[in-house]
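Q: Take a look at the following structure, please.
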Protein chains: 2
Amino acid sequence: MNEQTRKRRPAFDREKGVEIAQRLFHERGYDAVSVADLTAALGIVPPSLYAAYGSKAELFERAMQRYAAEQALPLDEIFVPEKAPAQALTDLLVEAARYYTADDTSRGCMITEGMRADDRVARETATRMAEPGSDAIRNYVAQHNPERATEITDYILLTLRGLSSYACLGRSREKLVECARIAGKSLEQEFAA
Amino acid sequence: MNEQTRKRRPAFDREKGVEIAQRLFHERGYDAVSVADLTAALGIVPPSLYAAYGSKAELFERAMQRYAAEQALPLDEIFVPEKAPAQALTDLLVEAARYYTADDTSRGCMITEGMRADDRVARETATRMAEPGSDAIRNYVAQHNPERATEITDYILLTLRGLSSYACLGRSREKLVECARIAGKSLEQEFAA
DNA sequence: AACGGCATATAGCGGTCGCTATATAGACTG
DNA sequence: CAGTCTATATAGCGACCGCTATATGCCGTT
């Protein structure tokens with residue numbers, strides 16, 4: 001019948017494809033996005049996706065790298081020396097609350113949520129991507145309170161997970177920011193002692 | 001060939017099936033447990049599962065009800081009148097930390113984690129199951145600090161989600177309990193003011 | 001003992017999953 | 001222009017998904 005559909009279209013934009021995949025994976029999570037969803041969103045067919053990215057998991061990794069490069073919390077700006085540690089870490093939580101609610105459809109932290117994927121490879125990718133951020137927080141805390149560094153860092157990371165999870169439930173930005181502020185009050189006591 | 005395999009086995013224990021399903025769903029989450037996993041664990045074939053429970057989603061609901069009945073935090077014991085509110089709520093967080101790490105293979109809160117399932121029906125079931133607990137906490141907080149009840153309750157619920165999420169990552173009971181204690185320090189300030 | 005009802009069994013439905021073998025169209029090189 | 005190479009297209013692989021039509025063995029009733 002309509003043989004013109006076989007007409008080959010021009011090569012698609014790889015980087016644009018990663019951007020679209022990033023949005024999809026962030027909105028729904030690795031497991032809930034199928035290769036069919038991805039190819040439909042990218043306007044291509046499966047062999048093109050595999051030729052360009054290798055696999056769904058590798059495309060996820062590229063999407064995560066793009067996310068980490070563009071959406072990471074600005075730790076450098078938050079951890080400035082002239083700021084009191086408790087204030088800086090509270091700012092970190094509040095800023096996270098804002099980041100996690102910046103987009104109504106892509107809520108929470110893509111890396112944090114990726115660590116809970118059902119797919120083992122995706123989970124390990126996300127866990128690996130999370131390490132630099134965790135290390136940066138741990139290092140900062142250790143500079144100001146080496147004795148309680150582990151405990152305080154765990155508290156921060158746990159609260160960040162709470163913020164991301166709460167954001168994914170659709171809770172408002174105001175709610176999250178208020179929770180971040182309350183969580184920050186514990187830090188004042190930790191650094192005052 | 002071996003026609004004796006057709007021999008029908010005695011009826012299986014429905015309640016025992018719910019117990020096994022509860023463990024599986026808690027360990028891996030709704031989406032990651034297939035009907036084949038369930039029937040294999042129960043030692044039955046799919047038609048028996050559907051005859052007994054209706055569907056995977058309905059078996060999940062029964063498993064959740066069993067979990068809520070057996071594993072719910074003892075709010076009655078924690079919210080005793082003679083305890084200071086900040087202390088009671090800190091106890092709640094610490095007790096949650098212990099509950100969420102009671103079993104090495106079934107970590108976190110089954111209801112909390114169920115609220116993030118990919119399947120819409122399972123998610124709504126979990127969300128519905130979570131309401132009584134949230135309401136009980138909100139009522140307790142409102143009795144002691146009506147002006148800040150919403151904010152404090154959100155902070156508690158968010159921290160509980162953080163604890164559950166951290167537990168699912170395999171973090172130790174000691175880590176979780178310490179985080180719960182740190183989180184509790186914010187509450188002292190909230191109720192002192 | 002005969003029988004009806006039901007929970008089991010076998011077998012397989014239509015659908016989706018991630019992924020790929022093969023063919024062909026277009027771009028680049030000589 | 002002819003030839004080569006790559007990225008597209010069609011079509012479909014085997015595996016698994018939740019679920020079920022149908023047949024049969026067992027039990028309780030009479």
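Lettering and numbering for the structure tokens are positional, with chains as A, B, ... in the shown order, residues counted from 1 in each chain, and ligands counted from 1 in the shown order.
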Excluding segment 10-15 of chain D and residues on its chain fewer than 6 positions from it, collect all residues at most 9 Å away from it, counting only C-alpha atoms (C1' of nucleotides), and give them as a PyMOL selection string.
A: (chain A and resi 6) or (chain C and resi 17+19-23)
Q: Contacts from chain B to chain A, 7 Å maximum, only C-alpha atoms: show me the residue list as an mmCIF file with N, CA and C atoms, in the first residue's frame.
A:
data_model
loop_
_atom_site.group_PDB
_atom_site.id
_atom_site.type_symbol
_atom_site.label_atom_id
_atom_site.label_comp_id
_atom_site.auth_asym_id
_atom_site.auth_seq_id
_atom_site.Cartn_x
_atom_site.Cartn_y
_atom_site.Cartn_z
ATOM 1 N N ALA B 32 7.355 -6.084 41.769
ATOM 2 C CA ALA B 32 8.436 -7.043 41.551
ATOM 3 C C ALA B 32 8.033 -8.474 41.893
ATOM 4 N N ASP B 118 4.275 1.055 41.157
ATOM 5 C CA ASP B 118 3.965 1.505 39.802
ATOM 6 C C ASP B 118 2.506 1.228 39.460
ATOM 7 N N GLU B 151 2.141 21.220 60.305
ATOM 8 C CA GLU B 151 3.564 21.224 59.999
ATOM 9 C C GLU B 151 4.299 20.100 60.728
ATOM 10 N N ASP B 154 3.354 16.695 59.231
ATOM 11 C CA ASP B 154 4.066 16.489 57.967
ATOM 12 C C ASP B 154 5.523 16.118 58.225
ATOM 13 N N TYR B 155 6.126 16.802 59.177
ATOM 14 C CA TYR B 155 7.528 16.506 59.508
ATOM 15 C C TYR B 155 7.684 15.066 59.995
ATOM 16 N N LEU B 158 7.068 12.705 56.977
ATOM 17 C CA LEU B 158 8.210 12.752 56.071
ATOM 18 C C LEU B 158 9.399 11.991 56.652
ATOM 19 N N THR B 159 9.620 12.157 57.943
ATOM 20 C CA THR B 159 10.742 11.459 58.575
ATOM 21 C C THR B 159 10.505 9.948 58.590
ATOM 22 N N ARG B 161 8.943 8.349 56.314
ATOM 23 C CA ARG B 161 9.244 7.903 54.947
ATOM 24 C C ARG B 161 10.751 7.811 54.757
ATOM 25 N N GLY B 162 11.482 8.749 55.335
ATOM 26 C CA GLY B 162 12.937 8.692 55.257
ATOM 27 C C GLY B 162 13.474 7.452 55.946
ATOM 28 N N LEU B 163 12.931 7.150 57.112
ATOM 29 C CA LEU B 163 13.365 5.960 57.850
ATOM 30 C C LEU B 163 13.078 4.694 57.054
ATOM 31 N N SER B 165 12.646 4.376 53.798
ATOM 32 C CA SER B 165 13.494 4.346 52.615
ATOM 33 C C SER B 165 14.929 3.947 52.964
ATOM 34 N N TYR B 166 15.428 4.516 54.048
ATOM 35 C CA TYR B 166 16.797 4.202 54.488
ATOM 36 C C TYR B 166 16.893 2.737 54.906
ATOM 37 N N GLU B 178 19.621 6.150 65.552
ATOM 38 C CA GLU B 178 20.339 7.400 65.795
ATOM 39 C C GLU B 178 19.716 8.541 64.985
ATOM 40 N N CYS B 179 19.387 8.281 63.737
ATOM 41 C CA CYS B 179 18.716 9.300 62.924
ATOM 42 C C CYS B 179 17.377 9.699 63.554
ATOM 43 N N ILE B 182 18.032 12.021 66.434
ATOM 44 C CA ILE B 182 18.395 13.369 65.981
ATOM 45 C C ILE B 182 17.149 14.089 65.475
ATOM 46 N N ALA B 183 16.341 13.396 64.701
ATOM 47 C CA ALA B 183 15.114 14.011 64.181
ATOM 48 C C ALA B 183 14.209 14.454 65.328
ATOM 49 N N LYS B 185 15.010 15.757 68.073
ATOM 50 C CA LYS B 185 15.452 16.999 68.738
ATOM 51 C C LYS B 185 14.736 18.231 68.213
ATOM 52 N N SER B 186 14.329 18.183 66.939
ATOM 53 C CA SER B 186 13.557 19.300 66.406
ATOM 54 C C SER B 186 12.223 19.429 67.119
#
Q: Can you check which residues of segment 31-132 of chain B DSSP gives as helix (DSSP H, G or I) on the backbone and send them as a VMD selection string?
A: chain B and resid 35 to 42 46 to 53 56 to 71 75 to 78 85 to 100 110 to 114 120 to 132
Q: Those same residues, written as a short mmCIF file (atom, residue, chain, number, x, y, z; two decimals), in the first residue's frame with C-alpha atoms?
A:
data_model
loop_
_atom_site.label_atom_id
_atom_site.label_comp_id
_atom_site.auth_asym_id
_atom_site.auth_seq_id
_atom_site.Cartn_x
_atom_site.Cartn_y
_atom_site.Cartn_z
CA VAL B 35 1.70 -14.23 40.03
CA ALA B 36 4.14 -17.00 39.12
CA ASP B 37 6.27 -16.08 42.15
CA LEU B 38 3.21 -16.21 44.37
CA THR B 39 1.85 -19.52 43.09
CA ALA B 40 5.32 -21.09 43.36
CA ALA B 41 5.69 -19.87 46.96
CA LEU B 42 2.20 -21.07 47.86
CA PRO B 46 -2.78 -19.85 39.11
CA PRO B 47 -6.47 -20.89 38.99
CA SER B 48 -6.30 -21.76 42.70
CA LEU B 49 -4.93 -18.33 43.50
CA TYR B 50 -7.66 -16.60 41.51
CA ALA B 51 -10.38 -18.81 42.99
CA ALA B 52 -9.16 -18.03 46.50
CA TYR B 53 -8.28 -14.34 46.29
CA LYS B 56 -3.05 -10.33 42.49
CA ALA B 57 -4.27 -6.91 43.62
CA GLU B 58 -6.85 -8.36 45.99
CA LEU B 59 -4.29 -10.74 47.49
CA PHE B 60 -2.04 -7.71 47.97
CA GLU B 61 -4.84 -5.93 49.80
CA ARG B 62 -5.35 -8.91 52.11
CA ALA B 63 -1.60 -9.07 52.71
CA MET B 64 -1.61 -5.37 53.56
CA GLN B 65 -4.50 -5.80 55.97
CA ARG B 66 -2.62 -8.60 57.68
CA TYR B 67 0.48 -6.41 57.85
CA ALA B 68 -1.48 -3.48 59.29
CA ALA B 69 -3.03 -5.75 61.91
CA GLU B 70 0.23 -7.38 62.96
CA GLN B 71 3.03 -4.93 62.30
CA LEU B 75 0.50 4.16 68.85
CA ASP B 76 -1.68 3.55 71.93
CA GLU B 77 1.37 2.61 73.96
CA ILE B 78 3.49 5.43 72.58
CA PRO B 85 4.55 15.19 73.36
CA ALA B 86 8.08 15.72 72.04
CA GLN B 87 9.20 12.60 73.88
CA ALA B 88 6.25 10.56 72.66
CA LEU B 89 6.81 11.55 69.05
CA THR B 90 10.53 10.88 69.35
CA ASP B 91 9.66 7.46 70.75
CA LEU B 92 7.42 6.97 67.72
CA LEU B 93 10.31 7.67 65.36
CA VAL B 94 12.71 5.44 67.30
CA GLU B 95 10.17 2.65 67.47
CA ALA B 96 9.61 2.98 63.72
CA ALA B 97 13.36 2.68 63.20
CA ARG B 98 13.27 -0.59 65.14
CA TYR B 99 10.19 -1.95 63.38
CA TYR B 100 11.60 -1.15 59.95
CA MET B 110 5.17 -2.19 53.70
CA ILE B 111 2.43 0.44 53.56
CA THR B 112 4.78 3.40 53.09
CA GLU B 113 6.64 1.64 50.30
CA GLY B 114 3.44 0.35 48.75
CA ARG B 120 -2.15 2.31 40.32
CA VAL B 121 -4.51 -0.03 42.15
CA ALA B 122 -1.81 -1.25 44.54
CA ARG B 123 -0.75 2.34 45.16
CA GLU B 124 -4.28 3.40 46.01
CA THR B 125 -4.71 0.41 48.32
CA ALA B 126 -1.55 1.34 50.20
CA THR B 127 -2.52 5.01 50.36
CA ARG B 128 -5.89 4.07 51.81
CA MET B 129 -4.25 1.77 54.37
CA ALA B 130 -1.92 4.57 55.47
CA GLU B 131 -4.66 7.01 56.42
CA PRO B 132 -5.65 5.71 59.89
#
Q: Compare B:Val18, B:Ile44, B:Val33, B:Leu24 by their minimum atom-to-atom distance to chain C, counting only C-alpha atoms (C1' of nucleotides), and give me the closest one.
A: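 Comparing B:Val18, B:Ile44, B:Val33, B:Leu24 against chain C, the winner is B:Ile44.
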Q: Pick out the closest residue to DA11 of chain C from this set: D:DC16, D:DT22, D:DC1, D:DT8. Count only C-alpha atoms (C1' of nucleotides).
A: D:DT22
Q: For atom C1' of DC19 of chain D and atom C1' of DT16 of chain C, quote the distance in Å rounded to one decimal.
A: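 Atom C1' of DT16 of chain C lies at a distance of 13.9 Å from atom C1' of DC19 of chain D.
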Q: Which one is closest to chain D: B:Ser106, B:Phe12, B:Arg23, B:Ser55? Count only C-alpha atoms (C1' of nucleotides).
A: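 Once distances to chain D are computed over only C-alpha atoms (C1' of nucleotides), the minimum belongs to B:Ser55.
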Q: Sort by chain and increasing residue number a table of all residues of chain C within 9 Å of chain B, each with its closest pair of atoms and their distance in Å to one decimal, counting only C-alpha atoms (C1' of nucleotides), and write it as a Markdown table.
A:
| residue | atom | partner | partner_atom | distance |
| --- | --- | --- | --- | --- |
| C:DA7 | C1' | B:Ala11 | CA | 6.8 |
| C:DT8 | C1' | B:Arg8 | CA | 5.5 |
| C:DA9 | C1' | B:Arg6 | CA | 5.9 |
| C:DT10 | C1' | B:Arg6 | CA | 8.3 |
Q: Counting only C-alpha atoms (C1' of nucleotides), which residues of chain D come no farther than 8 Å from chain B, as a ChimeraX atom specification?
A: /D:17-18,20,25-26
Q: Take the residues just selected and output them with N, CA and C atoms (P, O5', C5', C4', C3', O3' and C1' of nucleotides) as a PDB file, in the first residue's frame.
A:
ATOM      1  P    DC D  17       6.927 -13.123  35.255  1.00  0.00           P
ATOM      2  O5'  DC D  17       5.696 -12.229  34.811  1.00  0.00           O
ATOM      3  C5'  DC D  17       5.887 -10.868  34.495  1.00  0.00           C
ATOM      4  C4'  DC D  17       4.588 -10.278  33.972  1.00  0.00           C
ATOM      5  C3'  DC D  17       3.353 -10.777  34.676  1.00  0.00           C
ATOM      6  O3'  DC D  17       3.129  -9.985  35.821  1.00  0.00           O
ATOM      7  C1'  DC D  17       3.011 -10.752  32.315  1.00  0.00           C
ATOM      8  P    DG D  18       2.369 -10.659  37.067  1.00  0.00           P
ATOM      9  O5'  DG D  18       0.828 -10.466  36.708  1.00  0.00           O
ATOM     10  C5'  DG D  18       0.315  -9.194  36.369  1.00  0.00           C
ATOM     11  C4'  DG D  18      -1.062  -9.352  35.766  1.00  0.00           C
ATOM     12  C3'  DG D  18      -2.082 -10.052  36.669  1.00  0.00           C
ATOM     13  O3'  DG D  18      -3.338  -9.391  36.586  1.00  0.00           O
ATOM     14  C1'  DG D  18      -1.830 -11.258  34.652  1.00  0.00           C
ATOM     15  P    DT D  20      -9.582 -13.314  34.778  1.00  0.00           P
ATOM     16  O5'  DT D  20      -9.694 -14.634  33.875  1.00  0.00           O
ATOM     17  C5'  DT D  20      -9.507 -14.534  32.473  1.00  0.00           C
ATOM     18  C4'  DT D  20      -9.652 -15.897  31.825  1.00  0.00           C
ATOM     19  C3'  DT D  20     -10.767 -16.779  32.400  1.00  0.00           C
ATOM     20  O3'  DT D  20     -11.377 -17.473  31.324  1.00  0.00           O
ATOM     21  C1'  DT D  20      -8.769 -17.963  32.429  1.00  0.00           C
ATOM     22  P    DG D  25      -9.308 -37.895  36.798  1.00  0.00           P
ATOM     23  O5'  DG D  25      -9.002 -37.859  38.371  1.00  0.00           O
ATOM     24  C5'  DG D  25      -7.894 -37.098  38.830  1.00  0.00           C
ATOM     25  C4'  DG D  25      -8.227 -36.445  40.163  1.00  0.00           C
ATOM     26  C3'  DG D  25      -8.719 -37.411  41.244  1.00  0.00           C
ATOM     27  O3'  DG D  25      -8.150 -37.012  42.473  1.00  0.00           O
ATOM     28  C1'  DG D  25     -10.303 -35.694  40.927  1.00  0.00           C
ATOM     29  P    DC D  26      -7.965 -38.084  43.606  1.00  0.00           P
ATOM     30  O5'  DC D  26      -8.883 -37.509  44.775  1.00  0.00           O
ATOM     31  C5'  DC D  26      -8.544 -36.252  45.347  1.00  0.00           C
ATOM     32  C4'  DC D  26      -9.769 -35.638  45.963  1.00  0.00           C
ATOM     33  C3'  DC D  26     -10.438 -36.463  47.059  1.00  0.00           C
ATOM     34  O3'  DC D  26     -10.213 -35.788  48.286  1.00  0.00           O
ATOM     35  C1'  DC D  26     -12.026 -35.409  45.620  1.00  0.00           C
TER      36       DC D  26
END
Q: Atom CA of Phe25 of chain A and atom CA of Tyr30 of chain B are how many Å apart?
A: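 Atom CA of Tyr30 of chain B lies 19.4 Å from atom CA of Phe25 of chain A.
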Q: Could you tell me how far atom CA of Ala136 of chain B lies from atom CA of Ala72 of chain B, in Å and to one decimal?
A: 12.1 Å
Q: Hey, what's within 10 Å of segment 2-6 of chain C if we count only C-alpha atoms (C1' of nucleotides) and toss same-chain stuff fewer than 4 positions away? As a PyMOL selection string, please?
A: chain D and resi 26-30
